[in-house]
Structures are given as C-alpha cells and as structure tokens.
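Data block below; observations after.
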Amino acid sequence: MRHLLRSPAGIAGTLLVTLMVILAIVGPPIWGAEAERIDSTAILQGVSAAHPLGTDNLGRDILARVLVAGRLSLALALLATLIGAGAGVVLGALPSVLPRRAARLVTGTVNALVAFPGLLLAMFTAVIAGLGARGAVLGIGAAVAPGFARLTQTLAASVAGADYVSAARMLGVSRWRVMSRHVLPNIAEPLILNLTQALGGALLGLAGMSFLGLGVQPPSFDWGRLLFDGFSRIYATPAVALGPAAAVALAGIGFNLLGDVLARAAARGSAPEAKATGRAVPDTGGIGEPDPDAVLEVRDLTVTFPGGVTPVRGLSLTVAPGEIVGLVGESGSGKSLTASAIGGLVPYPGEVSAGRLRLCGADLGELPETERRRLLGTSLAMVFQDPMASLNPALRVGGQLAEVAIVHQGASRTEAGNRAVDRLEHVRVPEPGRRARQHPHELSGGMRQRAVIAMGLMGEPRLIIADEPTTALDVTVQREILRLLRQVTDETGAATLFISHDIAVVGELCHRVVVMYAGRVVEELPVEELVSGAAHPYTRALVASLPDMETDRSLPLASIPGRQPSPAEVGGGCAFAARCELATARCAELPPLISYGTAHRVACWEA
Amino acid sequence: MIIKNLTVRFGAFTAVDDVTLEIPPGSIVGLVGESGSGKSTLARAVSGLVPYTGAVEGGDPRRIQMVFQDPSTSLDPRMTVGASVAEGLRLPRTARGPEVERLLSLVSLPAELAGRYPRELSGGQRQRVAIARALGARPELLIADEITSALDVSVQGSVLNLVRSLRAEFGLSMLFISHNLAVVRYVSDVVAVMHEGRLVETGPTEEVVGAPKEGYTRSLLEAVPRLGRG
Ligand SMILES: Nc1ncnc2c1ncn2[C@@H]1O[C@H](COP(=O)(O)OP(=O)(O)OP(=O)(O)O)[C@@H](O)[C@H]1O
Ligand code: SF4
Ligand SMILES: [Mg+2]
C-alpha cells in the first residue's frame, strides 16, 4: 500500500477515488432533499451565492444535484464494469475448458469484438436493450467485456502452460476444476487491477451515453444527464454544464491514475523496492574495520521470521572484485535468503539485521532509502533459478529490459530500447533485435536466462548474484550459461556470488567456495582444496557422497544420515552435530569460524 | 508397458522420432541425453500432455504420473502442500488427511508441512512434495523428469534410495530421466540413450555404461562432471 503514496500520480489517484467514494456514501443523505426541492422563483438561474452552480429549469440547485448524482454515476459505472468484467472473464476462460473447435469459435469472436470500436458496441447494445439506465449499463458492459476477455485469455494461457496445471491434468482433475482451482486464482490479481482502470473508462462511457440521451432518464439523474440538461445553456451560464463535467473528469482521472499506479506497482513488485521490514543495525563492535576493496562485505547477517525462525544466523562473507564465489549448501540452509537480504528483498514479515552490509564501499544500512534503491538498482544484478520469476509474461522482453534503464538511469525510451538490444547481443542472444520484440514464452529456457542476465547488465553491475541460475536448465545449456557468467565477470570486472546446491558445478566455475549449513558458514576455502583439502566433516561428506561411475549399485547410496535442522530447530551448538561422526561433548558449544591455513576458514572443533 | 513407434512433431520439427522402448513391470528404465534430445517431450507424450503418433500399450494410461524437473513451477503457489498432495486422491474427505500424512512421510517430510505454501519451502522440500503428490494417484508408471537435478547431494542420495525402495514396495515401473549419467547408472536396470529425437542405444545398465557401442554414448560418458576437474 505504501508505494501507492510514493508517486504524485498515486497520491492524486488515491485521493480522488477516496473523495468519490465518500461522496457516493454521504451525498444523497446530506444534499438529497435540496437536490429535489423545486423552487419556481429560482428557475434557470446563473451563478449566485445561494446557488454556486446555478439552478435548473425547475429551480433545483445544480451543485446539490451534482453532489447527489455521484452515487448513481459511480454505482452504474461499477455495475457496468462488473457485468463487463464478468462476461469478459467467462468469455476469456471458456477456450481453456471447451473442446477445441468451440474454443476456436469463442477466441475468434473475442478477437473480432476487440477490434470493434467500444463506443459503437456500447450504443448498439444500448439501442437493442432499450433506452434508459439498464440499456446504458449493458452497453458499457458490452464495451468493457472484450478487453477483459482478451486479458483473461492471455493470462490464462500463460498459467495453463505451467507444470502445476499439467500435474493436475495428469491426476485427472477436470478442466473446470483446473480453471477454478489453479488458473483463476493465479490470474486474479492482474484482473482485479484492471478493474480499477476499467471503472474509470466505464464512468466516462456512461456519462457519454447519458449525455447522448441514451442513458439515465428523468426523474433519475447522473452526471451525464446533468451535463445533457445543462449543455443547451453552456454559452449563457457555463457553470451549469462545467460542474457535472468536472465531476466526471475528476472521477475518471482518479480511477485511471489509481489503476495505472496499481498495475505498475504489481509489475514491479519484485524490483528492489520490495524491502519490507528490517534495516541493518550498525554495530561495529568486534567485526573489524571495513574492507575498502571488497565489492560486497557482509558481517553478522541475520534473517529472522516471527516464531523464532532464524534461517540465516550471523553470516559473514566478503567478495572481491572480479572474483567468483560459490555459495553451496543444502536446501534450506539459507543461501537464497542471504541473497535476498543483500538485495533488500526479504519478504514480509522477515527481519534483517547485520553488523555490516556494504556494497561497493557504501553502507546499505546507512544510505537513505532512495539512494539505497538506486545503488541496488544499478550496481547489483540478480539472476534467479526461474527466469520467468524475473520476467513479466505479458510484456515484451526488450521493453522489460528498457524499463530498468528508464527507472534507474532516467534514460529515454529510445535510448533504453537500444541499450536493451545491445545488452541482449552482449549475452549472445542470437538476433537480439527480433528477440527484444518477443514475449518471454517465445524464448527457450536458456535464452530466457540470458535475457535475465542481460537485464542485470542494463546498469553497470559490480556484483552479480546468481541464485541457482542453471538448476532448471539442461546440462549443455547449463554449461553455456556458466561460460557466459564467467565471460561477463571477466569482461565487466564485476564479482559474482554464485549460489548452488551442486558442489560439482561450483567446483568447476568458482574461485572460492563458501559452504553453508543451517544458516551459518561452516567452511570457506579455495576451490583447489575442495576435493582433498576440505576440513569440515560436512564438506567432506558432501564431496564423498557425489555419486560417480564407480558407485556400487547393490548398496544404498551413501548419504548423510538425518536431515538438516529447520531454522526453528537450530540450537546453540554445532548444527551438524546430530549427523556428525566426529561429534564430541564440546560440539554442544558453537564452533567459531577461524582461520585454517591460508585463505581457508572452518568452523569445527575437530578440524 | 511398451512405447511403440512413438513420434512427436511440432510443425516441421520432429522432437521424438519413432521411439520404441519397453518398460518391464517393476523395473526402472533410465533415459539419458542432452538438452533438446527429446527426453522431456517423450515423457510428456507418454503422460498424455503432448499429442503423438504411435502407441503406449500394456497399461492404464490414466495411471501414468509424472514428477517434473522444476519444483518451483510444478506446485500451484496458491495451494497448500496438503491440498496439492490431496489433489489426486480418490478418497472420502475424512480419509484424506491421514493419507496426505502417510504420503509426506514416505518422502521423509514432517506432517506439519501440509499446512504450508510452496513459497515457504526450500526447493528440495518442494520436489519431495511433488513426488508425494504423484504417488498419491498410485501410479503404474512413474515418469521422473530430472527430479534430482534440483536436490542437494546429501538429499539426492536418500531420494534415489527412496525411488528404489518405492519400486520394491509398489511394484512400480519407472521411466527415470536425467542428464546425470552417474545417477541414472545407479538407479536404472536398463539405460536408453537419446540423441536428436532418436534412441541411439538401449541395453542393460552395466552393458551400456561398461561397454558402450555408440560413439555418442561414449562422449556422454566422458562429459560426466567431475569435481575439481577445472
Ligand atoms: N517467507 C518465509 N517464511 C518462513 N520461513 C521461510 C520463508 N522463506 C524461507 N524460509 C525458510 O528459511 C530457510 C532457508 O530458506 P532458503 O530459501 O534461503 O534456503 P536455500 O538454502 O536457498 O535452499 P534451496 O537450496 O532449497 O533453494 C528454509 O527452511 C525455509 O523454509
Ligand atoms: S564441531 Fe563437532 S559436530 Fe560440528 S562438525 Fe565439528 S566435530 Fe562435527
Ligand atoms: Mg534457494
């Protein structure tokens, strides 16, 4: 909600819409009587102190009538939007549940309707349905519906391709149930956002209908009707027409602004502004001096969720320029949350605290909000496992990349567009110009991941955080993406924090390996020492349990017994103790991460 | 179950080209191959998610289940773990809770995860939920498409052990797809190697891995990633 009030458009939209809602509620009870009071001594008056907008042909006060008409105008617009949206969603959803031939017919009809001018459609329907409010509402509903149908179709198509829909179909879940349980809930958000905008449109449309005499008929009156009544006098007393006109305009603008801002906020929901709670608490005691050369320096990073859940516990990490550091660890060890905390993306209600969190020499905890966002937006590139999580399926690839430059660097649309194509070329996307004009679903998985990397390169990143960027990809594509990451690191001099559960991949790509277990760093070592020089029992077990071509097939696979404690279960001692062969009584106490030879640190009492 | 002369075309492109492969009851057939070789398309065709020509014989097509490669997209983000796992159960409402619990414990997940949403789980936990969901439909054939590629080594071992013990328990036949030859070698009785839509070599695991006949199989064997190779 807070981001609504951050831009002037958001503030204006929220304000206008709130005003309109209040007006609709309190208007008729307060001014209702006055709006209806016929005064034969004050017919067709102009502006006066008693009647700021003049009076109509029965001597009724026009200002009161405008204020009262708000409720009907808004109610009709709401009704028309709901009818249109309802019909549109049904039309848009039908192709997913109907047999193929019928589906094609519906899709064709929707396409034809979308191409048809909305106002004509509205008037046509209104004339058939009969003059008056009902006809106008149905007419506007009909004009709104095709847009919703098209939106629903597009959104539904993207969800229908998701694996969870395939899984449901294989489990024998019916098409209708798939639609109601899986598809609709997952597309509801953008549809609801669109409602707000459609409401603004419907309001204007209805006013237009009433103004043309196709809408509300006396004795009822809405803003359009008041406009219609006042219009013949516009040259003599402009106020009588300008009053209702202003009301319509303000309401229309309000809903459009609000809808626009909501839609943008949702589209950017995952951009580095999602920082919800928590702020680095500067506490420089006992963590040494800041390292001036480090691209990233993290000291005592802790991430907590309510209920004593602490997935990241006092983690420290330093990354030098040009270095590729691998962060490995079991599922749930806190790798991704560490990345999120660095990027300020820990979801609500997570709390982040850090003794120090420095990026490119600037302390993220001390920077003012706007500068912090700018620094993160330009110096940090994030690449996630699922490229679709970073790409909006409804927008073209090039446009999404350009958006980054427009928001963070204030580039013009053309500049940004050109840079997007240039960046796509840089990450070796073939035919970058054509690809930029395509939607994400038209790209292969590997190509999408390249596009996400290109998005990170729209700024001039000093640090690339790649969280399992190849896990969803095939081996050969994985190899290409890894090579690309290494090239990008070499060419830009940026550092890379590469997060992976796959110790073999990390062993091939990285210079240095940081091993995490249950929210803590247990070992930090140069990659050359991984195979034979690891000192922590967990690291050693990980390396040993890699299945290879000589593993005995008649025996159960070597795996570390037990499981990693969940973030709520981690106790005060060594978190690995329950699974460790070397554990002794001392391990009930937390082993500190201490130096073990050069460039090698380990947290184990028995190392 | 036998896959007979199965072909999948996307427009002019032939993704799977005349594949014939037998999956004997109670055995695990491993399918290896590179990106784009058609492994996943073959899996989707056998699962009935992609139209194909040819036939899948010797079993009830409705009792084929698939576990997908990417657990972050194979669970509906708006559904709890329990609701997802219960989706394939044909049981009275009251019996579902205990069955969900049993399925979760089969994949070594605590019962209290049932009330959580996928976003609250780690990747490995999600994949085990997806396996539990597939097992709930009591499949005759389980297709596992790269199910361990998102898991940790320490968990991978137990999931692979789990896969083998499930086969023994349910008499489950399985088509196990992976790019990781070491993993395929470990779980499979038969290995099939796929290249550009065709099966280039099929045979008992020890033979294919120990004495490959095809050059392509040999090159795959050489590409097995080895720690510290770089
Ligand atoms: N929003 C949340 N609310 C509560 N717990 C959470 C939340 N997000 C993550 N966790 C918990 O925090 C722990 C660490 O999660 P994280 O995603 O960082 O693990 P990871 O190391 O990236 O694992 P993986 O390799 O599976 O991706 C997990 O136990 C997870 O269940
Ligand atoms: S501190 Fe103790 S329990 Fe922990 S890894 Fe070392 S020996 Fe094992
Ligand atoms: Mg993760």
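Every chain in the structure tokens takes a letter, A first, then B, and so on in the order presented; its residues are numbered from 1, and the ligands are numbered from 1 following the presented order.
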
### Task
Name the residues in contact with Asp189 in chain B at a cut-off of 10 Å, using only C-alpha atoms, excluding same-chain residues fewer than 3 positions from it; report them as a PyMOL selection string.
(chain A and resi 553) or (chain B and resi 23-24+26-30+184-186+203-206)

Written file, previous selection with N, CA and C atoms, as an mmCIF file, in the first residue's frame:
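Saved the output as again_0.cif:
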```cif
data_model
loop_
_atom_site.group_PDB
_atom_site.id
_atom_site.type_symbol
_atom_site.label_atom_id
_atom_site.label_comp_id
_atom_site.auth_asym_id
_atom_site.auth_seq_id
_atom_site.Cartn_x
_atom_site.Cartn_y
_atom_site.Cartn_z
ATOM 1 N N ARG A 553 26.176 -50.421 -7.160
ATOM 2 C CA ARG A 553 24.731 -50.302 -7.358
ATOM 3 C C ARG A 553 23.923 -51.207 -6.447
ATOM 4 N N ILE B 23 9.247 -50.823 -20.977
ATOM 5 C CA ILE B 23 9.498 -50.615 -19.548
ATOM 6 C C ILE B 23 8.896 -51.811 -18.827
ATOM 7 N N PRO B 24 9.704 -52.834 -18.542
ATOM 8 C CA PRO B 24 9.173 -54.049 -17.926
ATOM 9 C C PRO B 24 8.594 -53.726 -16.555
ATOM 10 N N GLY B 26 7.826 -53.294 -12.829
ATOM 11 C CA GLY B 26 8.692 -53.328 -11.655
ATOM 12 C C GLY B 26 10.139 -52.997 -11.940
ATOM 13 N N SER B 27 10.415 -52.402 -13.095
ATOM 14 C CA SER B 27 11.816 -52.048 -13.330
ATOM 15 C C SER B 27 11.947 -50.562 -13.630
ATOM 16 N N ILE B 28 13.158 -50.074 -13.497
ATOM 17 C CA ILE B 28 13.422 -48.668 -13.756
ATOM 18 C C ILE B 28 14.240 -48.550 -15.036
ATOM 19 N N VAL B 29 13.691 -47.825 -15.981
ATOM 20 C CA VAL B 29 14.410 -47.573 -17.221
ATOM 21 C C VAL B 29 14.955 -46.147 -17.169
ATOM 22 N N GLY B 30 16.249 -46.011 -17.302
ATOM 23 C CA GLY B 30 16.863 -44.685 -17.262
ATOM 24 C C GLY B 30 17.003 -44.136 -18.672
ATOM 25 N N VAL B 184 21.711 -41.950 -13.207
ATOM 26 C CA VAL B 184 20.950 -42.915 -14.000
ATOM 27 C C VAL B 184 21.544 -44.308 -13.838
ATOM 28 N N ARG B 185 22.825 -44.371 -13.892
ATOM 29 C CA ARG B 185 23.501 -45.655 -13.748
ATOM 30 C C ARG B 185 23.137 -46.289 -12.417
ATOM 31 N N TYR B 186 23.073 -45.464 -11.380
ATOM 32 C CA TYR B 186 22.814 -46.009 -10.054
ATOM 33 C C TYR B 186 21.404 -46.585 -9.905
ATOM 34 N N GLY B 203 20.040 -50.794 -23.481
ATOM 35 C CA GLY B 203 20.532 -52.093 -23.007
ATOM 36 C C GLY B 203 20.645 -52.107 -21.503
ATOM 37 N N PRO B 204 20.950 -53.273 -20.944
ATOM 38 C CA PRO B 204 21.149 -53.356 -19.506
ATOM 39 C C PRO B 204 22.216 -52.358 -19.052
ATOM 40 N N THR B 205 22.010 -51.781 -17.896
ATOM 41 C CA THR B 205 22.853 -50.690 -17.435
ATOM 42 C C THR B 205 24.347 -50.994 -17.518
ATOM 43 N N GLU B 206 24.742 -52.139 -16.962
ATOM 44 C CA GLU B 206 26.172 -52.454 -16.932
ATOM 45 C C GLU B 206 26.770 -52.481 -18.333
#
```

### Contacts of ligand 1, 9 Å or closer, only C-alpha atoms and all ligand atoms, given as an NGL selection string
(:A and (303-306 or 309-312 or 328-340 or 346-350 or 385 or 467-468 or 499-501 or 516-519 or 565-568)) or (:B and (119-126 or 150-152))

Quick one: contact table of chain A to ligand 2, 8 Å max, nearest atom pair and distance in Å to one decimal per residue, counting only C-alpha atoms and all ligand atoms, chain and number order, as a tab-separated table?
```
residue	atom	partner	partner_atom_place_in_ligand_line	distance
A:His536	CA	ligand 2	5 (S)	6.0
A:Pro537	CA	ligand 2	5 (S)	5.3
A:Tyr538	CA	ligand 2	5 (S)	6.5
A:Gly573	CA	ligand 2	4 (Fe)	7.9
A:Cys574	CA	ligand 2	4 (Fe)	4.5
A:Ala575	CA	ligand 2	4 (Fe)	6.6
A:Phe576	CA	ligand 2	4 (Fe)	5.1
A:Ala577	CA	ligand 2	3 (S)	3.4
A:Ala578	CA	ligand 2	3 (S)	7.1
A:Arg579	CA	ligand 2	3 (S)	7.6
A:Cys580	CA	ligand 2	8 (Fe)	4.7
A:Glu581	CA	ligand 2	8 (Fe)	6.6
A:Leu582	CA	ligand 2	7 (S)	4.6
A:Ala583	CA	ligand 2	3 (S)	4.1
A:Thr584	CA	ligand 2	2 (Fe)	6.0
A:Arg586	CA	ligand 2	2 (Fe)	7.0
A:Cys587	CA	ligand 2	2 (Fe)	4.2
A:Ala588	CA	ligand 2	3 (S)	7.8
A:Leu590	CA	ligand 2	1 (S)	7.3
A:Pro591	CA	ligand 2	1 (S)	5.6
A:Ala603	CA	ligand 2	1 (S)	6.7
A:Cys604	CA	ligand 2	6 (Fe)	3.6
A:Trp605	CA	ligand 2	1 (S)	4.4
A:Glu606	CA	ligand 2	7 (S)	4.7
A:Ala607	CA	ligand 2	6 (Fe)	6.5
```

Enumerate, in order of chain and increasing residue number, the residues of chain A with an atom no farther than 8 Å from chain B, each with its shortest atom pair and distance in Å to one decimal, counting only C-alpha atoms, as a Markdown table.
```
| residue | atom | partner | partner_atom | distance |
| --- | --- | --- | --- | --- |
| A:Ala162 | CA | B:Thr73 | CA | 6.5 |
| A:Asp163 | CA | B:Ser74 | CA | 4.4 |
| A:Tyr164 | CA | B:Ser74 | CA | 4.1 |
| A:Val165 | CA | B:Ser74 | CA | 7.7 |
| A:Ser166 | CA | B:Leu49 | CA | 7.0 |
| A:Ala167 | CA | B:Ser74 | CA | 7.0 |
| A:Ala168 | CA | B:Glu87 | CA | 7.3 |
| A:Met170 | CA | B:Gln65 | CA | 6.3 |
| A:Leu171 | CA | B:Gly88 | CA | 5.0 |
| A:Gly172 | CA | B:Gly88 | CA | 7.1 |
| A:Val173 | CA | B:Gly88 | CA | 7.4 |
| A:His182 | CA | B:Asp76 | CA | 6.6 |
| A:Pro185 | CA | B:Arg78 | CA | 7.1 |
| A:Asn186 | CA | B:Arg78 | CA | 7.1 |
| A:Gly329 | CA | B:Asp152 | CA | 7.6 |
| A:Glu330 | CA | B:Asp152 | CA | 5.5 |
| A:Ser331 | CA | B:Gly124 | CA | 5.6 |
| A:Gly332 | CA | B:Ser122 | CA | 5.1 |
| A:Asp386 | CA | B:Ser72 | CA | 7.7 |
| A:Thr471 | CA | B:Ala150 | CA | 5.8 |
| A:Ala472 | CA | B:Asp70 | CA | 5.8 |
| A:Asp474 | CA | B:Ser35 | CA | 5.0 |
| A:Val475 | CA | B:Ser35 | CA | 6.4 |
| A:Thr476 | CA | B:Ser35 | CA | 6.0 |
| A:Val477 | CA | B:Ser35 | CA | 6.8 |
| A:His501 | CA | B:Asp152 | CA | 5.3 |
| A:Asp502 | CA | B:Asp152 | CA | 6.5 |
| A:Ile503 | CA | B:Leu227 | CA | 7.5 |
| A:Ala504 | CA | B:Leu227 | CA | 4.8 |
| A:Val505 | CA | B:Pro225 | CA | 7.7 |
| A:Gly507 | CA | B:Gly228 | CA | 5.4 |
| A:Glu508 | CA | B:Gly230 | CA | 5.0 |
| A:Leu509 | CA | B:Gly230 | CA | 7.6 |
| A:Val527 | CA | B:Gly228 | CA | 7.5 |
| A:Glu528 | CA | B:Gly228 | CA | 6.7 |
| A:Leu530 | CA | B:Gly228 | CA | 7.2 |
| A:Val531 | CA | B:Gly228 | CA | 6.4 |
| A:Leu542 | CA | B:Ser154 | CA | 6.3 |
| A:Ser545 | CA | B:Val153 | CA | 6.6 |
| A:Leu546 | CA | B:Val153 | CA | 6.2 |
| A:Pro547 | CA | B:Ala182 | CA | 5.9 |
| A:Asp548 | CA | B:Ala182 | CA | 5.0 |
| A:Met549 | CA | B:Ala182 | CA | 5.2 |
| A:Thr551 | CA | B:Tyr186 | CA | 7.3 |
| A:Asp552 | CA | B:Tyr186 | CA | 7.8 |
| A:Arg553 | CA | B:Tyr186 | CA | 5.4 |
| A:Pro556 | CA | B:Asn161 | CA | 6.0 |
| A:Leu557 | CA | B:Gly157 | CA | 5.4 |
| A:Ala558 | CA | B:Gly157 | CA | 6.3 |
| A:Ser559 | CA | B:Gly157 | CA | 5.1 |
| A:Ile560 | CA | B:Ser154 | CA | 5.6 |
```

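Checking A:Leu242, A:Ala411, A:Leu327, A:Ser73 one by one against ligand 3, counting only C-alpha atoms and all ligand atoms, you find the shortest gap at A:Leu327.
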
### Task
Could you check how far CA of Glu297 in chain A sits from CA of Arg358 in chain A, in Å to one decimal?
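Between these atoms lies a distance of 5.1 Å.
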
### Query
Running DSSP on the backbone, which parts of chain B land in helix (DSSP H, G or I), as number ranges by chain?
B: 39-46, 61-63, 81-86, 93-106, 111-115, 118-120, 123-136, 153-170, 181-187, 205-210, 215-222

### Query
What is the CA of Gly355 in chain A-CA of Val298 in chain A distance in Å, reported with one decimal?
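Computing the Euclidean distance for CA of Gly355 in chain A and CA of Val298 in chain A yields 7.7 Å.
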
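You will find CA of Gly88 in chain A at 15.9 Å from CA of Arg104 in chain A.
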
### Task
For Gly215 in chain A, list every protein, DNA or RNA residue within 6 Å, evaluated using only C-alpha atoms, and leave out those in the same chain fewer than 5 positions away; present the list as a list in words.
Gly132, Ala133, Ala136, Met209 and Ser210 of chain A

Taking the backbone alone, and naming residues the way the document does, which bits of range 1-124 of chain B are strand (DSSP E or B) by DSSP, as a compact mmCIF listing (two decimals) with C-alpha atoms, in the first residue's frame?
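Saved to states30.txt:
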```txt
# COMPACT_ATOMS: atom_id res chain seq x y z
CA ILE B 2 5.65 -50.64 -24.09
CA ILE B 3 6.18 -47.42 -26.00
CA LYS B 4 5.77 -48.31 -29.67
CA ASN B 5 6.96 -46.21 -32.61
CA LEU B 6 6.20 -43.02 -30.76
CA THR B 7 6.72 -39.84 -32.78
CA VAL B 8 6.08 -36.23 -31.79
CA ARG B 9 6.16 -33.43 -34.33
CA PHE B 10 5.95 -29.71 -33.66
CA PHE B 13 10.27 -30.24 -36.40
CA THR B 14 10.41 -33.84 -35.21
CA ALA B 15 11.15 -33.79 -31.49
CA VAL B 16 10.76 -37.52 -30.91
CA ASP B 17 11.43 -39.79 -33.83
CA ASP B 18 9.98 -43.31 -33.89
CA VAL B 19 10.95 -44.34 -30.38
CA THR B 20 10.23 -47.88 -29.24
CA LEU B 21 11.05 -48.67 -25.64
CA GLU B 22 9.89 -51.34 -23.24
CA ILE B 28 13.42 -48.67 -13.76
CA VAL B 29 14.41 -47.57 -17.22
CA GLY B 30 16.86 -44.69 -17.26
CA LEU B 31 16.76 -42.22 -20.14
CA VAL B 32 19.81 -40.04 -20.72
CA GLY B 33 20.54 -37.46 -23.35
CA THR B 53 1.57 -40.81 -33.16
CA GLY B 54 2.36 -44.37 -32.20
CA ALA B 55 1.17 -46.20 -29.14
CA VAL B 56 1.69 -46.71 -25.44
CA GLU B 57 0.49 -50.22 -24.66
CA ILE B 64 0.78 -42.78 -15.52
CA GLN B 65 2.10 -39.98 -13.33
CA MET B 66 4.92 -37.59 -13.81
CA VAL B 67 7.19 -35.68 -11.49
```

### Message
Residues within 10 Å of His426 in chain A, please, as a list in words. Count only C-alpha atoms; anything in the same chain fewer than 6 positions from it doesn't count.
### Response
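These residues fall inside the cut-off: Ala420, Pro432, Arg450, Ile453, Ala454, Leu457, Leu484 and Val488 of chain A.
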
### Query
Near Thr14 in chain A, within 12 Å and counting only C-alpha atoms, which residues show up once chain neighbours fewer than 2 positions away are dropped, as a PyMOL selection string?
chain A and resi 1-12+16-21+196+250-251+253-262
